[in-house]
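Notes follow once the structure below has been shown.
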Amino acid sequence: MFKSKLYRFQWKDLGDIEGGRPNLGNLVNVAVYRLMQYTFRDVLNRHLSVEKATEVLREAGRLAGAEFCKNVLNTELPFNEFIADLQEKLLSLKIGIFRIEKTDFEKMEFILTVSEDLDCSGLPPANETICEYDEGFIAGILETYTGREFDAREIDCWASGERTCRFKATAIN
Amino acid sequence: MPDEIYQIALKALSEQLTRLLRGETAEAVQIGDDLDPELKSLCETVNQLVVSFKNAHDFIQSLAKGNLEVSPPPNNLLASPFKQLQASLLHLTWQTKQIADGDYKQRVYFMGAFSTSFNSMVEALEEKRRTETLLKEAHAKVRHLEGIIPICMYCKKIRDDMESWQQLEEYITEHSEAHFSHGICPECYKKVKSDLEIEKGKLRKT
């Protein structure tokens with residue numbers, strides 16, 4: 001079923017992790033996660049183009065964010081409680097430390113940061129943004145919760161021990 | 001390259017670095033075409049440091065004045081810890097607004113003793129709000145039965161706001177959380193029993 005053009009991701013495809021790994025459990029080293037992500041980037045960059053590879057990673061992040069929102073978060077909560085729930089889930093799953101800096105409901109614009117991020121913390125800041133998967137992930141969560149299309153972009157990053165990324169998410173139209 | 005040009009360049013570099021160390025505004029060193037490549041490279045690096053230092057300084061100064069909305073200088077490693085501080089302060093500002101609006105789910109993480117104090121304060125505020133709500137509700141219930149209640153001195157019916165007379169039980173049930181269960185007191189029991197005996201006697205006679 002995975003090797004079909006018709007395949008579409010479903011949450012149940014993650015399998016019975018507890019049952020399937022009775023001895024090794026549900027945790028894996030962060031380096032192993034990054035090994036997969038950055039080798040994907042390497043091969044995608046070579047087989048497609050950097051722009052196309054970036055687009056693919058962002059779109060995958062968007063799908064992951066949408067599925068995460070549907071299956072892990074409580075979308076019935078009002079916005080502030082939803083954000084508190086999101087912050088708590090990202091923390092307990094050790095994905096990153098999520099913080100909102102600014103919300104503008106008229107423009108539907110949000111400024112937020114992610115520290116100790118699973119994807120990039122520990123990498124030195126460079127003159128390029130690398131968190132396209134995160135951009136998509138954030139957009140996917142907000143889209144699923146609000147029902148509106150979102151664009152999320154990394155607007156700044158800095159390192160002081162760990163690396164922190166700042167994102168701006170804006171509703172389109 | 002003549003020694004004189006070399007000495008002038010080194011002196012200029014030393015002056016600007018000294019100004020930086022004194023916390024003064026440093027200026028870019030003039031780079032002449034006659035400098036050798038190594039010295040030219042050193043001058044360019046010092047000039048980059050001067051610009052980075054100035055940008056970081058301006059950013060930190062704005063933060064120190066309480067201007068949290070200031071844009072941080074991009075790609076400036078000197079400002080990194082202060083960007084972290086700005087992010088934390090902006091997040092705290094946002095959280096404080098949410099709490100002021102009654103959202104007590106907000107918690108601060110990974111800010112040392114401040115997190116503990118802040119979270120305790122939010123929990124205390126939530127408890128205070130809960131108590132206030134309970135008191136308001138209790139007060140609202142009590143208010144229904146406060147004041148002067150007009151009651152018929154004979155049948156004990158109560159006149160309501162609509163000028164109609166209601167049974168005492170009906171009125172109290174509507175205006176409070178109290179309910180009635182009907183029984184009979186010993187005095188009434190005696191009276192009712194006696195009335196019944198009289199009625200029975202009358203029936204026998206007929």
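Letters A, B, ... mark the chains of the structure tokens in the order given; residue numbers begin at 1 per chain; ligand numbers begin at 1, in order shown.
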
Please identify all polymer residues within 9 Å of segment 62-72 of chain A, counting only C-alpha atoms, omitting same-chain residues fewer than 4 positions from it, and present them as a ChimeraX atom specification.
-> /A:9-11,57-58,86,89,133-145

Counting only C-alpha atoms, which residues of chain A fall within 7 Å of chain B, and what is the closest atom pair for each with its distance in Å at one decimal, ordered by chain and rising number, as a Markdown table?
| residue | atom | partner | partner_atom | distance |
| --- | --- | --- | --- | --- |
| A:Glu81 | CA | B:Lys105 | CA | 6.6 |
| A:Ala84 | CA | B:Gln106 | CA | 6.2 |
| A:Arg99 | CA | B:His91 | CA | 6.1 |
| A:Ile100 | CA | B:His91 | CA | 5.6 |
| A:Glu101 | CA | B:His91 | CA | 4.4 |
| A:Lys102 | CA | B:Trp94 | CA | 6.2 |
| A:Asn127 | CA | B:Asn75 | CA | 6.7 |
| A:Asp156 | CA | B:Pro74 | CA | 6.8 |
| A:Trp158 | CA | B:Ser80 | CA | 5.3 |
| A:Ala159 | CA | B:Ser80 | CA | 5.8 |
| A:Ser160 | CA | B:Pro81 | CA | 5.5 |

Computed interatomic separation between atom CA of Ala169 of chain A and atom CA of Phe110 of chain A (Å) = 5.1 Å

Kindly give the distance, in Å, that separates atom CA of Pro37 of chain B and atom CA of Leu17 of chain B, rounded to a single decimal.
->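 That distance, rounded to one decimal, is 20.1 Å.
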
Fewer than 6 positions away in the same chain doesn't count, so skip those; otherwise give me all residues within 10 Å of Phe82 of chain A, counting only C-alpha atoms, as a PyMOL selection string.
-> (chain A and resi 73-76+88+145) or (chain B and resi 105)

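You will find atom CA of Glu38 of chain B at 26.4 Å from atom CA of Arg22 of chain B.
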
Can you list, as a VMD selection string, all residues belonging to segment 36-130 of chain A that DSSP tags as strand (DSSP E)?
-> chain A and resid 97 to 104 109 to 115
